[in-house]
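S.K.: The structure that follows is given in the form of structure tokens.
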Amino acid sequence: MKYSLINILYIAIASVLCVSCDKPEDYVPEASFIKIYNDEFFESSYIPLDVVQAMGKGYFILSAYDSWNSYILRVDEQGKFMWDYKLEENIVNPIKGLYFIDSAFYFLCMDDLSLTTLLMKATDQSGSARVERTYADIIYPLHSSKVDDGFLLVSYNRESYSTRLTKLGTDFAVRWHEEYSVEQDVEEAIIGHLTRIGDRLPFFSGQAGNKYFLNGYYNYSISMLFVNASDGTQTGAVNGFRSKSAVSSARYLDGNGFALSRFDFGENYIIPKIDLNTTGIGIASDLEGNIHPEIAPNAFVYNEIVDVNGKEVIIYATSTKAGQMLLYAYDAISGTLVGTHHLGSTNPYEAIDFVPTNDGGLAVLGNTYTNGRFSRITLIKLSEKQLIEFVNQQN
Amino acid sequence: MKWSSLVVLLVLALMYPSNGHSQGKANRRKPVKTGNSDINQWWIGVRGGVNLSHATAQESYSVFSFTRDFTDGDNEKNYHAFTLPGLQFGFSVSYEFLTGLSVNILPAYVSYRYSYDNSFRWYDSENQNNNVTTGHNIETRLQYIDLPLTFKYELLRGAFKPYVQIGGYSGYLTDAIKKAKITSVDQASGADREINVTDLSVGVEDRIKKWNYGIIGGIGFTYNVGNARLGLEVNHRYGLQNLDNGGMKFVDNQLITGTYDVPDDFSLSNLELSMQVIIPLKFITSKDYIPL
């Protein structure tokens, strides 16, 4: 009897050990999620543009709907729907560039009749957006970005046939503007881009030390221009060829170094590290890089430098011919590829933008077609662990 | 802990009590007491049968977040309870330490199956007859090496011995597969009946926790046939563990972004019907050499 009890205890302990040795992770809802923001209507069609994290209180997504109408979507930190708002039908052409300042969200749109640029402000309290400021002399806004002491706004002036760069202060007031002439009428191409019935064009802007850069029409082509940060005077350019060959994304590294991507008659190139002459003239098709046949022609490419667990990497987000989102990670110092990550399957998925999150993860904004046909917004949150695994795939 | 370590532990667990009845000690002649309360006995046997499972969602998840009202019932998983049969096959080792009262280890290879349905719908808001509805049937098959430990009490002492048993179990996952069958009624494209869209089978072993545990209880009977006993028993397993591996819940695969299937937090209950044949390891007789 004595032995029997010991035996039973022995077996019981063995069983408990079996169970206790398993230490699986619990699901942390805000750490990782995949959300598709769906409604059941055939006629709904959303085209996401930008996402910003609201200081750990969820995300704010800017989108177009039904061609070029404006739509904003607010979701919580777990990606769950909070509220949305379809802006008035005269407020169209929301552009990339979304800012979270003092618990409010700011973005730029356009009046559909006057074509003037509108600064919009949205808050959780109102659950909507209203016009905060009108820029009467800035028409066809194309892209905005944040710089050290304010914001940049790229637009097209149909009256002077020029690409315009406007410097806005931190209060969104105009500081200066400069125009760069276009030697042909590109309004039709720009309208086609804005209404999504024509080719998508890679407008962007940013800061490179004491210079700004922008991508827009210049002379006869889409070109990357370098300008003085003080007054917008042009100092250099990387010329494209019409709208068929140009730089498609750029991120300043240091010195004269940039992380770029470019396209050339349907082929896409990733150039994680290259020195550009910001005071001379270059040709986009001369920029050496790795060709990536897997990237879809005319795909959006977005890149950003991200600190992943103390390691600086350049992450590119783009889309494949197979209809998946594709993330590349390059070491920011060496420029070597350190990881790739595909997202999405069966139905088409397209990467639009991403934002590093406060918890060390990455939120990827994309477009998908539910059931293969209905255009919807998707937000995919990678946890810090997933992101670390993604950028550490080298053996 | 590695699986090999577990095996060693279990072997030790099984071998240790056998020392008291090992060959060497068994050769020592010990007086056999005929008082029922002092009779102890080892039984070994084989057992097998079928089972039916029921997954219970503790927290439900979806890839969709709806921005407008949606059709009632859409997007909700409808679990089917105790419908898909699984199989189990294994062994039993019993130690009867008091008359009619025994402790039992029932290692078995078990497959559990369960399924759920959900559906999604899109329609023309001006003409709802113009719509497309997809139906999703998701079947999950989990395979475990289970190790139940039960205490069994026999209610009668004749040749026919009904009994009740209760205990706990733990199980080690060896394989997990999800099969997704998607059908569609696409009236918007001119269909008037359901068509098959996708049949997909995806391994999900990394998305299920390696270990399961719970409580087990059941009733059964054995019937003496010669020196062996034939038996039939029904057990109910009640899982105490959320089996979903939370760290993998939203790691993208074909199921999540392809078929919009996100696993819920769930536990598994199970009804099993098993037949068994057990034989004693020693033959205990009375002074008159009558088997006891």
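Letters for chains follow the order of the structure tokens (A, B, ...), residue numbers begin at 1 for each chain, and ligand numbers begin at 1 in the order shown.
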Enumerate, in order of chain and increasing residue number, the residues of chain B with an atom no farther than 6 Å from chain A, each with its shortest atom pair and distance in Å to one decimal, counting only C-alpha atoms, as JSON lines.
M.R.:
{"residue": "B:Met1", "atom": "CA", "partner": "A:Cys21", "partner_atom": "CA", "distance": 5.7}
{"residue": "B:Ala13", "atom": "CA", "partner": "A:Ile11", "partner_atom": "CA", "distance": 5.1}
{"residue": "B:Pro17", "atom": "CA", "partner": "A:Asn7", "partner_atom": "CA", "distance": 5.2}
{"residue": "B:Val63", "atom": "CA", "partner": "A:Lys35", "partner_atom": "CA", "distance": 4.9}
{"residue": "B:Phe64", "atom": "CA", "partner": "A:Ile36", "partner_atom": "CA", "distance": 4.9}
{"residue": "B:Ser65", "atom": "CA", "partner": "A:Tyr37", "partner_atom": "CA", "distance": 5.0}
{"residue": "B:Phe66", "atom": "CA", "partner": "A:Asn38", "partner_atom": "CA", "distance": 4.9}
{"residue": "B:Thr67", "atom": "CA", "partner": "A:Asp39", "partner_atom": "CA", "distance": 5.8}
{"residue": "B:Arg68", "atom": "CA", "partner": "A:Asp39", "partner_atom": "CA", "distance": 5.5}
{"residue": "B:Trp122", "atom": "CA", "partner": "A:Glu40", "partner_atom": "CA", "distance": 4.3}
{"residue": "B:Tyr123", "atom": "CA", "partner": "A:Phe41", "partner_atom": "CA", "distance": 5.2}
{"residue": "B:Asp124", "atom": "CA", "partner": "A:Phe42", "partner_atom": "CA", "distance": 5.0}
{"residue": "B:Ser125", "atom": "CA", "partner": "A:Phe41", "partner_atom": "CA", "distance": 6.0}
{"residue": "B:Gly246", "atom": "CA", "partner": "A:Tyr27", "partner_atom": "CA", "distance": 3.8}
{"residue": "B:Gly247", "atom": "CA", "partner": "A:Glu25", "partner_atom": "CA", "distance": 5.1}
{"residue": "B:Phe250", "atom": "CA", "partner": "A:Phe33", "partner_atom": "CA", "distance": 5.2}
{"residue": "B:Gln254", "atom": "CA", "partner": "A:Ser345", "partner_atom": "CA", "distance": 5.5}
{"residue": "B:Thr257", "atom": "CA", "partner": "A:Gly344", "partner_atom": "CA", "distance": 5.2}
{"residue": "B:Gly258", "atom": "CA", "partner": "A:Thr346", "partner_atom": "CA", "distance": 4.7}
S.K.: Please produce a file of the residues just selected, as a PDB file, in the first residue's frame, where the atoms kept are N, CA and C atoms.
M.R.:
ATOM      1  N   MET B   1      10.415  21.350 -22.307  1.00  0.00           N
ATOM      2  CA  MET B   1      10.774  19.943 -22.139  1.00  0.00           C
ATOM      3  C   MET B   1      10.602  19.203 -23.458  1.00  0.00           C
ATOM      4  N   ALA B  13       7.748   6.525 -14.599  1.00  0.00           N
ATOM      5  CA  ALA B  13       6.521   6.500 -13.813  1.00  0.00           C
ATOM      6  C   ALA B  13       5.870   5.129 -13.861  1.00  0.00           C
ATOM      7  N   PRO B  17       6.550   1.706  -9.987  1.00  0.00           N
ATOM      8  CA  PRO B  17       5.720   0.855  -9.136  1.00  0.00           C
ATOM      9  C   PRO B  17       5.894  -0.625  -9.421  1.00  0.00           C
ATOM     10  N   VAL B  63     -11.518  38.626 -38.877  1.00  0.00           N
ATOM     11  CA  VAL B  63     -10.650  39.528 -39.624  1.00  0.00           C
ATOM     12  C   VAL B  63     -11.436  40.774 -40.039  1.00  0.00           C
ATOM     13  N   PHE B  64     -12.752  40.660 -40.067  1.00  0.00           N
ATOM     14  CA  PHE B  64     -13.573  41.786 -40.484  1.00  0.00           C
ATOM     15  C   PHE B  64     -13.945  42.680 -39.305  1.00  0.00           C
ATOM     16  N   SER B  65     -13.859  43.976 -39.549  1.00  0.00           N
ATOM     17  CA  SER B  65     -14.433  44.947 -38.623  1.00  0.00           C
ATOM     18  C   SER B  65     -15.421  45.743 -39.463  1.00  0.00           C
ATOM     19  N   PHE B  66     -16.689  45.644 -39.118  1.00  0.00           N
ATOM     20  CA  PHE B  66     -17.722  46.233 -39.976  1.00  0.00           C
ATOM     21  C   PHE B  66     -17.909  47.714 -39.663  1.00  0.00           C
ATOM     22  N   THR B  67     -17.949  48.483 -40.718  1.00  0.00           N
ATOM     23  CA  THR B  67     -18.125  49.931 -40.565  1.00  0.00           C
ATOM     24  C   THR B  67     -19.588  50.334 -40.728  1.00  0.00           C
ATOM     25  N   ARG B  68     -20.425  49.426 -41.125  1.00  0.00           N
ATOM     26  CA  ARG B  68     -21.860  49.665 -41.254  1.00  0.00           C
ATOM     27  C   ARG B  68     -22.582  48.451 -40.698  1.00  0.00           C
ATOM     28  N   TRP B 122     -22.361  40.326 -49.599  1.00  0.00           N
ATOM     29  CA  TRP B 122     -22.260  41.680 -50.166  1.00  0.00           C
ATOM     30  C   TRP B 122     -23.423  41.841 -51.136  1.00  0.00           C
ATOM     31  N   TYR B 123     -23.975  43.039 -51.191  1.00  0.00           N
ATOM     32  CA  TYR B 123     -25.143  43.228 -52.059  1.00  0.00           C
ATOM     33  C   TYR B 123     -25.222  44.658 -52.570  1.00  0.00           C
ATOM     34  N   ASP B 124     -26.002  44.801 -53.619  1.00  0.00           N
ATOM     35  CA  ASP B 124     -26.293  46.097 -54.198  1.00  0.00           C
ATOM     36  C   ASP B 124     -27.349  46.758 -53.320  1.00  0.00           C
ATOM     37  N   SER B 125     -27.052  47.910 -52.741  1.00  0.00           N
ATOM     38  CA  SER B 125     -27.985  48.504 -51.786  1.00  0.00           C
ATOM     39  C   SER B 125     -29.298  48.931 -52.453  1.00  0.00           C
ATOM     40  N   GLY B 246      -2.039  31.776 -28.860  1.00  0.00           N
ATOM     41  CA  GLY B 246      -2.310  33.192 -29.051  1.00  0.00           C
ATOM     42  C   GLY B 246      -1.253  33.947 -29.827  1.00  0.00           C
ATOM     43  N   GLY B 247      -0.002  33.545 -29.649  1.00  0.00           N
ATOM     44  CA  GLY B 247       1.071  34.245 -30.337  1.00  0.00           C
ATOM     45  C   GLY B 247       1.012  34.105 -31.844  1.00  0.00           C
ATOM     46  N   PHE B 250      -2.819  35.956 -35.268  1.00  0.00           N
ATOM     47  CA  PHE B 250      -2.912  36.824 -36.441  1.00  0.00           C
ATOM     48  C   PHE B 250      -1.630  36.832 -37.263  1.00  0.00           C
ATOM     49  N   GLN B 254      -2.816  31.419 -45.318  1.00  0.00           N
ATOM     50  CA  GLN B 254      -3.887  31.364 -46.314  1.00  0.00           C
ATOM     51  C   GLN B 254      -5.267  31.464 -45.695  1.00  0.00           C
ATOM     52  N   THR B 257      -6.025  35.705 -44.372  1.00  0.00           N
ATOM     53  CA  THR B 257      -6.278  36.691 -45.416  1.00  0.00           C
ATOM     54  C   THR B 257      -6.919  36.067 -46.652  1.00  0.00           C
ATOM     55  N   GLY B 258      -6.887  34.733 -46.741  1.00  0.00           N
ATOM     56  CA  GLY B 258      -7.483  34.082 -47.906  1.00  0.00           C
ATOM     57  C   GLY B 258      -8.938  33.712 -47.713  1.00  0.00           C
TER      58      GLY B 258
END
S.K.: I need the strand (DSSP E) residues of stretch 170-325 of chain A per DSSP on the backbone, written as a PyMOL selection string.
M.R.: chain A and resi 174-181+204-208+211-218+221-228+234-239+245-252+257-264+267-275+281-283+290-291+302-308+311-319+325
S.K.: Save the residues we just selected, C-alpha atoms, as a tab-separated table (two decimals), in the first residue's frame?
M.R.:
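Written out: selection.tsv:
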chain	number	residue	atom	x	y	z
A	174	VAL	CA	2.41	79.47	-45.64
A	175	ARG	CA	6.08	80.43	-45.18
A	176	TRP	CA	7.19	80.46	-48.79
A	177	HIS	CA	6.56	78.73	-52.06
A	178	GLU	CA	8.56	78.05	-55.18
A	179	GLU	CA	7.58	76.79	-58.60
A	180	TYR	CA	9.40	74.49	-61.02
A	181	SER	CA	8.26	74.81	-64.58
A	204	PHE	CA	6.52	62.63	-52.69
A	205	SER	CA	8.54	65.11	-50.67
A	206	GLY	CA	10.90	65.15	-47.70
A	207	GLN	CA	13.91	66.61	-45.98
A	208	ALA	CA	17.59	65.82	-46.60
A	211	LYS	CA	17.73	70.63	-48.31
A	212	TYR	CA	14.26	69.50	-49.25
A	213	PHE	CA	13.43	67.12	-52.04
A	214	LEU	CA	10.27	66.50	-53.98
A	215	ASN	CA	9.07	64.29	-56.79
A	216	GLY	CA	6.83	65.92	-59.37
A	217	TYR	CA	6.56	67.01	-62.94
A	218	TYR	CA	9.56	69.08	-64.05
A	221	SER	CA	9.11	64.29	-66.94
A	222	ILE	CA	8.54	63.23	-63.38
A	223	SER	CA	11.76	64.20	-61.66
A	224	MET	CA	13.20	64.28	-58.19
A	225	LEU	CA	14.20	67.85	-57.36
A	226	PHE	CA	16.53	69.09	-54.65
A	227	VAL	CA	15.94	72.57	-53.27
A	228	ASN	CA	17.26	74.83	-50.57
A	234	GLN	CA	16.38	74.44	-56.94
A	235	THR	CA	19.87	73.01	-56.59
A	236	GLY	CA	19.71	69.72	-58.43
A	237	ALA	CA	17.53	67.08	-60.05
A	238	VAL	CA	17.29	63.42	-60.92
A	239	ASN	CA	15.37	63.47	-64.16
A	245	SER	CA	10.82	56.16	-65.74
A	246	ALA	CA	11.40	57.95	-62.43
A	247	VAL	CA	12.22	57.61	-58.77
A	248	SER	CA	9.25	56.07	-56.98
A	249	SER	CA	10.23	56.56	-53.32
A	250	ALA	CA	13.05	58.21	-51.42
A	251	ARG	CA	14.25	58.42	-47.85
A	252	TYR	CA	17.23	60.46	-46.73
A	257	GLY	CA	22.98	59.06	-48.98
A	258	PHE	CA	19.43	58.06	-49.85
A	259	ALA	CA	17.36	54.92	-49.85
A	260	LEU	CA	15.45	54.88	-53.12
A	261	SER	CA	13.29	52.88	-55.40
A	262	ARG	CA	12.69	53.61	-59.04
A	263	PHE	CA	10.71	52.29	-61.96
A	264	ASP	CA	11.61	52.10	-65.60
A	267	GLU	CA	10.35	47.31	-64.11
A	268	ASN	CA	11.02	48.16	-60.48
A	269	TYR	CA	14.36	48.66	-58.78
A	270	ILE	CA	15.22	48.86	-55.09
A	271	ILE	CA	18.28	50.94	-54.21
A	272	PRO	CA	18.72	50.73	-50.44
A	273	LYS	CA	21.79	52.95	-50.34
A	274	ILE	CA	23.07	55.40	-52.92
A	275	ASP	CA	24.80	58.77	-52.91
A	281	ILE	CA	21.67	66.78	-62.71
A	282	GLY	CA	21.26	63.02	-62.76
A	283	ILE	CA	19.19	60.52	-64.70
A	290	ASN	CA	18.57	45.55	-57.91
A	291	ILE	CA	15.75	44.78	-60.30
A	302	TYR	CA	6.89	53.41	-49.57
A	303	ASN	CA	10.07	53.31	-47.51
A	304	GLU	CA	11.08	54.47	-44.07
A	305	ILE	CA	13.94	54.02	-41.63
A	306	VAL	CA	12.75	52.03	-38.63
A	307	ASP	CA	14.50	51.29	-35.37
A	308	VAL	CA	13.85	47.63	-34.66
A	311	LYS	CA	18.88	48.08	-35.14
A	312	GLU	CA	18.21	50.63	-37.87
A	313	VAL	CA	16.66	49.10	-40.95
A	314	ILE	CA	15.15	50.55	-44.09
A	315	ILE	CA	11.78	48.96	-44.68
A	316	TYR	CA	10.20	49.08	-48.12
A	317	ALA	CA	6.52	48.30	-48.57
A	318	THR	CA	5.22	47.48	-52.02
A	319	SER	CA	3.03	44.99	-53.86
A	325	MET	CA	1.93	42.96	-49.92
S.K.: Might you pull out every residue within 10 Å of A:Ala136, with only C-alpha atoms counted and same-chain residues fewer than 5 positions away left off, and present them as number ranges by chain?
M.R.: A: 111, 114-118
S.K.: Using only C-alpha atoms, which residues sit within 10 Å of stretch 135-143 of chain B once same-chain residues fewer than 6 positions away are excluded, as an NGL selection string?
M.R.: :B and (55 or 74-75 or 77-80 or 84 or 86-88 or 109-121 or 171-185 or 194 or 196-205 or 208 or 255 or 259-261)
S.K.: I want to know what sits within 12 Å of stretch 154-166 of chain B, based on only C-alpha atoms, with residues of the same chain fewer than 4 positions away left out; could you give that as a ChimeraX atom specification?
M.R.: /B:36,96,98-106,148-150,214-238,291-292
S.K.: Do you know which residues are at most 12 Å from A:Ala54 counting only C-alpha atoms, after dropping those on the same chain fewer than 2 positions away, and could you put them as number ranges by chain?
M.R.: A: 51-52, 56-61, 74-77, 98-106, 123-124, 355-358
S.K.: Just write the chosen residues, C-alpha atoms, as a PDB file, in the first residue's frame.
M.R.:
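See again17.pdb below for the written result:
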ATOM      1  CA  VAL A  51      -2.207  55.978 -41.479  1.00  0.00           C
ATOM      2  CA  VAL A  52      -1.021  57.554 -38.244  1.00  0.00           C
ATOM      3  CA  GLY A  56      -1.089  54.487 -28.306  1.00  0.00           C
ATOM      4  CA  LYS A  57      -4.791  55.230 -28.633  1.00  0.00           C
ATOM      5  CA  GLY A  58      -5.377  53.524 -31.909  1.00  0.00           C
ATOM      6  CA  TYR A  59      -4.988  54.554 -35.494  1.00  0.00           C
ATOM      7  CA  PHE A  60      -6.414  57.114 -37.861  1.00  0.00           C
ATOM      8  CA  ILE A  61      -6.689  56.197 -41.518  1.00  0.00           C
ATOM      9  CA  ARG A  74     -10.768  55.785 -36.760  1.00  0.00           C
ATOM     10  CA  VAL A  75      -9.903  52.458 -35.155  1.00  0.00           C
ATOM     11  CA  ASP A  76      -8.764  51.557 -31.666  1.00  0.00           C
ATOM     12  CA  GLU A  77      -5.453  50.048 -30.600  1.00  0.00           C
ATOM     13  CA  LEU A  98      -1.530  62.829 -42.082  1.00  0.00           C
ATOM     14  CA  TYR A  99      -0.573  64.484 -38.801  1.00  0.00           C
ATOM     15  CA  PHE A 100      -1.599  63.872 -35.208  1.00  0.00           C
ATOM     16  CA  ILE A 101      -1.149  67.094 -33.227  1.00  0.00           C
ATOM     17  CA  ASP A 102      -2.684  67.884 -29.828  1.00  0.00           C
ATOM     18  CA  SER A 103      -5.286  65.105 -30.005  1.00  0.00           C
ATOM     19  CA  ALA A 104      -6.433  66.212 -33.471  1.00  0.00           C
ATOM     20  CA  PHE A 105      -5.756  64.795 -36.916  1.00  0.00           C
ATOM     21  CA  TYR A 106      -4.800  67.093 -39.790  1.00  0.00           C
ATOM     22  CA  THR A 123     -11.176  64.922 -33.708  1.00  0.00           C
ATOM     23  CA  ASP A 124     -12.582  62.008 -31.774  1.00  0.00           C
ATOM     24  CA  VAL A 355       3.906  53.252 -39.452  1.00  0.00           C
ATOM     25  CA  PRO A 356       6.219  52.053 -36.679  1.00  0.00           C
ATOM     26  CA  THR A 357       4.160  51.713 -33.512  1.00  0.00           C
ATOM     27  CA  ASN A 358       4.833  52.720 -29.925  1.00  0.00           C
TER      28      ASN A 358
END
S.K.: Just the number, please: distance in Å from atom CA of A:Leu194 to atom CA of A:Phe107, one decimal.
M.R.: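 Interatomic distance, atom CA of A:Leu194 to atom CA of A:Phe107: 15.8 Å.
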S.K.: Using DSSP on the backbone coordinates, identify all residues within stretch 119-202 of chain A classified as helix (DSSP H, G or I); present the result as a list in words.
M.R.: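 Selecting the helix (DSSP H, G or I) positions of stretch 119-202 of chain A gives Glu187, Glu188, Ala189, Ile190, Ile191, Gly192, His193 and Leu194 of chain A.
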S.K.: Quick one: write out the picked residues with N, CA and C atoms as a short mmCIF file (atom, residue, chain, number, x, y, z; two decimals), in the first residue's frame?
M.R.:
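And here's again05.cif as it stands now:
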data_model
loop_
_atom_site.label_atom_id
_atom_site.label_comp_id
_atom_site.auth_asym_id
_atom_site.auth_seq_id
_atom_site.Cartn_x
_atom_site.Cartn_y
_atom_site.Cartn_z
N GLU A 187 -1.98 68.37 -66.93
CA GLU A 187 -3.18 68.39 -66.09
C GLU A 187 -4.01 67.12 -66.26
N GLU A 188 -4.09 66.65 -67.48
CA GLU A 188 -4.90 65.45 -67.73
C GLU A 188 -4.31 64.26 -66.98
N ALA A 189 -2.98 64.16 -67.02
CA ALA A 189 -2.32 63.04 -66.31
C ALA A 189 -2.54 63.17 -64.81
N ILE A 190 -2.51 64.40 -64.30
CA ILE A 190 -2.70 64.59 -62.86
C ILE A 190 -4.15 64.28 -62.46
N ILE A 191 -5.09 64.71 -63.27
CA ILE A 191 -6.49 64.38 -62.96
C ILE A 191 -6.69 62.86 -63.00
N GLY A 192 -6.08 62.22 -63.97
CA GLY A 192 -6.17 60.76 -64.06
C GLY A 192 -5.60 60.09 -62.82
N HIS A 193 -4.51 60.65 -62.32
CA HIS A 193 -3.90 60.12 -61.09
C HIS A 193 -4.83 60.34 -59.89
N LEU A 194 -5.37 61.54 -59.78
CA LEU A 194 -6.18 61.88 -58.60
C LEU A 194 -7.51 61.13 -58.58
#
S.K.: Mind pulling up the distance from atom CA of A:Met120 to atom CA of A:Ser155?
M.R.: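 Going from atom CA of A:Ser155 over to atom CA of A:Met120, I get 16.5 Å.
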S.K.: Quick one, how far is atom CA of A:Gly266 from atom CA of A:Asn298?
M.R.: 6.6 Å
S.K.: Please list as a list of chain:residue names every residue within 7 Å of stretch 262-265 of chain B, counting only C-alpha atoms and excluding residues in the same chain fewer than 4 positions away.
M.R.: B:Ala57, B:Gln58, B:Glu59, B:Ser60, B:Tyr61, B:Ser62, B:Val63, B:Asn242, B:Leu243, B:Asp244, B:Lys249, B:Ile256
S.K.: Closest to B:Ser92 among B:Leu147, B:Leu52, B:Met248, B:Leu240, using only C-alpha atoms?
M.R.: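 Nearest to B:Ser92: B:Leu147.
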